[in-house]
Amino acid sequence: MRTQVVIIGGGPAGLLLGQLLHQQNIDAVVIERKTRDYVLARIRAGVLETGLVRLLEEAGVAGRLHAEGHVHHGAQLAVNGQMFHLDFSELAGTPVVVYGQTEVTRDLYDAREAAGLRTEFCAEDVAIYDADTDRPYVTFRRDGAEHRIDCDFIAGCDGFHGVSRQAIPLSVRREYEKTYPFGWLGVLSRTPPVHEELIYANSERGFALCSMRNENLSRYYIQCALSDHTEDWTDDAFWTELKRRLPPQIAGRLVTGPSIEKSIAPLRSFVTEPMRWGRLFLCGDAAHIVPPTGAKGLNLAASDVHYLYNGLRQYYCDGHTRGIDCYSERALLRVWKAERFSWWFSGLLHRYPDMSPFDLKMQAADIAFLRDNRAQQQAFAENYVGLPY
């Protein structure tokens, strides 16, 4: 088999890249290790920056998003029982849209199938060959048979544990990482959201976040120890602890119910450089991880897709390589800015095990400066809604 672009990974980044390339009549095959149903069962965040919304519009898959997504013009920050509001539209000129990542992925799969585009599911033992030449190819196994796809370029959209990053030699690749001494315990419940906007809470007991998927589906998080397991937390224990970390007026109107999904996610900041080796390009979690604070994961993958898609479009439609030659440099410039914001916002809201009284005073001063200083609020809003591509 031969195609122009092989996309490894059938998550939202790979699917969005494939759909955008299809809009330009560039042929791409998506290779996915799991089934479509497995991919769609993953529960992920759903705060979309304007840049991602515009990419989905360009890809022709934004209809349901505009019909069902919730436009958020700001967010609430709660500190020691008091709340203050940050107005994104007033401060940065644009809102964000709350629309589940699972729904983004579903829309992209539906569009891909409607267009009759090729997706290779259940692809095991994926391997990349000759990426540093002008004749790269990818192999995989399915049902005991080996398959080979020759191509012009390979897009590695297969996540942190995928094969794409590992295909770049250690002599070329450099990795930067920070692990955080806590995790997020998340609960999904069929309950109405406690507030019309997201609430980020800093309390003496640790961080909490009130989020939502729609009018009857809520997502809540609390900071927990890395040693915790989901079975350590009953639903009642979770709701009790969440209420302790929220302002009384919010905790009093919180509607609780049985959890329909419960998980613990460790927090990590990670970047690999470069994001290109020969004709292999890394996108999304294959190249970088951010803490979920600030919801930059999917949005950062989307900016990678933007740079790579436009580079490939210029190559195939205009005949020049400037876009793909600059891909890694352009993508990493935005990656590191998003990493900085996620790291800073995490430090603003969480209680670290080794925080001294001085550290706590500095954190309180940082929060007060954000609450009282318009320039700081504007910088926060611009980062939250997404820096320009």
# chains A, B, ... in the order shown; residues from 1 in each chain; ligands from 1

call {"tool": "select_by_dssp", "arguments": {"residues": "stretch 125-212 of chain A", "states": "strand (DSSP E or B)", "output": "PyMOL selection string"}}
result
chain A and resi 125-129+137-142+145-150+153-156+174-189+199-203+206-212

call {"tool": "closest_atom_pairs", "arguments": {"of": "stretch 6-96 of chain A", "to": "stretch 117-120 of chain A", "cutoff": "10 Å", "atoms": "only C-alpha atoms", "output": "JSON lines"}}
result
{"residue": "A:Ile7", "atom": "CA", "partner": "A:Thr119", "partner_atom": "CA", "distance": 9.4}
{"residue": "A:Ile8", "atom": "CA", "partner": "A:Glu120", "partner_atom": "CA", "distance": 9.6}
{"residue": "A:Gly9", "atom": "CA", "partner": "A:Glu120", "partner_atom": "CA", "distance": 9.8}
{"residue": "A:Gly10", "atom": "CA", "partner": "A:Thr119", "partner_atom": "CA", "distance": 8.0}
{"residue": "A:Leu15", "atom": "CA", "partner": "A:Thr119", "partner_atom": "CA", "distance": 9.5}
{"residue": "A:Gly18", "atom": "CA", "partner": "A:Leu117", "partner_atom": "CA", "distance": 8.9}
{"residue": "A:Gln19", "atom": "CA", "partner": "A:Leu117", "partner_atom": "CA", "distance": 9.0}
{"residue": "A:His22", "atom": "CA", "partner": "A:Leu117", "partner_atom": "CA", "distance": 8.5}
{"residue": "A:Asp27", "atom": "CA", "partner": "A:Leu117", "partner_atom": "CA", "distance": 8.6}
{"residue": "A:Ala28", "atom": "CA", "partner": "A:Arg118", "partner_atom": "CA", "distance": 7.7}
{"residue": "A:Val29", "atom": "CA", "partner": "A:Arg118", "partner_atom": "CA", "distance": 5.4}
{"residue": "A:Val30", "atom": "CA", "partner": "A:Thr119", "partner_atom": "CA", "distance": 4.7}
{"residue": "A:Ile31", "atom": "CA", "partner": "A:Glu120", "partner_atom": "CA", "distance": 4.7}
{"residue": "A:Glu32", "atom": "CA", "partner": "A:Glu120", "partner_atom": "CA", "distance": 6.0}
{"residue": "A:Arg33", "atom": "CA", "partner": "A:Glu120", "partner_atom": "CA", "distance": 8.3}
{"residue": "A:Lys34", "atom": "CA", "partner": "A:Glu120", "partner_atom": "CA", "distance": 9.4}
{"residue": "A:Thr35", "atom": "CA", "partner": "A:Glu120", "partner_atom": "CA", "distance": 9.2}
{"residue": "A:Arg36", "atom": "CA", "partner": "A:Thr119", "partner_atom": "CA", "distance": 9.7}

call {"tool": "atom_distance", "arguments": {"atom1": "atom CA of A:Val98", "atom2": "atom CA of A:Ala295"}}
result
10.6 Å

call {"tool": "residues_around", "arguments": {"residues": "A:Val255", "least_positions_apart": "2", "cutoff": "10 Å", "atoms": "only C-alpha atoms", "output": "list of chain:residue names"}}
result
A:Ser189, A:Arg190, A:Thr191, A:Pro192, A:Pro193, A:Val194, A:Ser218, A:Trp239, A:Ala251, A:Gly252, A:Arg253, A:Gly257

call {"tool": "atom_distance", "arguments": {"atom1": "atom CA of A:Ser328", "atom2": "atom CA of A:Ile128"}}
result
19.1 Å

call {"tool": "atom_distance", "arguments": {"atom1": "atom CA of A:Ala302", "atom2": "atom CA of A:Arg334"}}
result
11.2 Å

call {"tool": "select_by_dssp", "arguments": {"residues": "stretch 86-283 of chain A", "states": "alpha helix (DSSP H)", "output": "MDAnalysis selection string"}}
result
chainID A and resid 88:92 101:114 235:244 248:251

call {"tool": "write_last_selection", "arguments": {"atoms": "C-alpha atoms", "output": "compact mmCIF listing (two decimals), in the first residue's frame"}}
result
# COMPACT_ATOMS: atom_id res chain seq x y z
CA PHE A 88 -11.89 36.10 29.21
CA SER A 89 -13.94 37.88 26.57
CA GLU A 90 -13.40 41.27 28.17
CA LEU A 91 -9.72 40.69 28.99
CA ALA A 92 -8.58 38.73 25.93
CA GLN A 101 -12.81 15.67 23.81
CA THR A 102 -14.69 12.41 23.30
CA GLU A 103 -17.28 14.31 21.25
CA VAL A 104 -14.56 15.99 19.18
CA THR A 105 -13.12 12.55 18.44
CA ARG A 106 -16.55 11.15 17.59
CA ASP A 107 -17.23 13.99 15.15
CA LEU A 108 -13.88 13.42 13.46
CA TYR A 109 -14.46 9.67 13.13
CA ASP A 110 -17.93 10.25 11.71
CA ALA A 111 -16.53 12.67 9.12
CA ARG A 112 -13.69 10.31 8.24
CA GLU A 113 -16.06 7.39 7.70
CA ALA A 114 -18.51 9.53 5.73
CA ASP A 235 -18.35 8.29 46.25
CA ASP A 236 -19.41 9.67 49.63
CA ALA A 237 -15.79 10.29 50.63
CA PHE A 238 -15.13 12.12 47.38
CA TRP A 239 -18.17 14.40 47.65
CA THR A 240 -17.41 15.17 51.30
CA GLU A 241 -13.83 16.14 50.51
CA LEU A 242 -14.82 18.19 47.47
CA LYS A 243 -17.28 20.22 49.54
CA ARG A 244 -14.57 20.95 52.10
CA PRO A 248 -19.66 27.38 51.44
CA GLN A 249 -22.13 28.96 49.03
CA ILE A 250 -20.93 26.59 46.26
CA ALA A 251 -20.68 23.50 48.45

call {"tool": "closest_residue", "arguments": {"among": "A:Val47, A:Leu333, A:Ala365, A:Cys317", "to": "A:Pro388", "atoms": "only C-alpha atoms"}}
result
A:Leu333
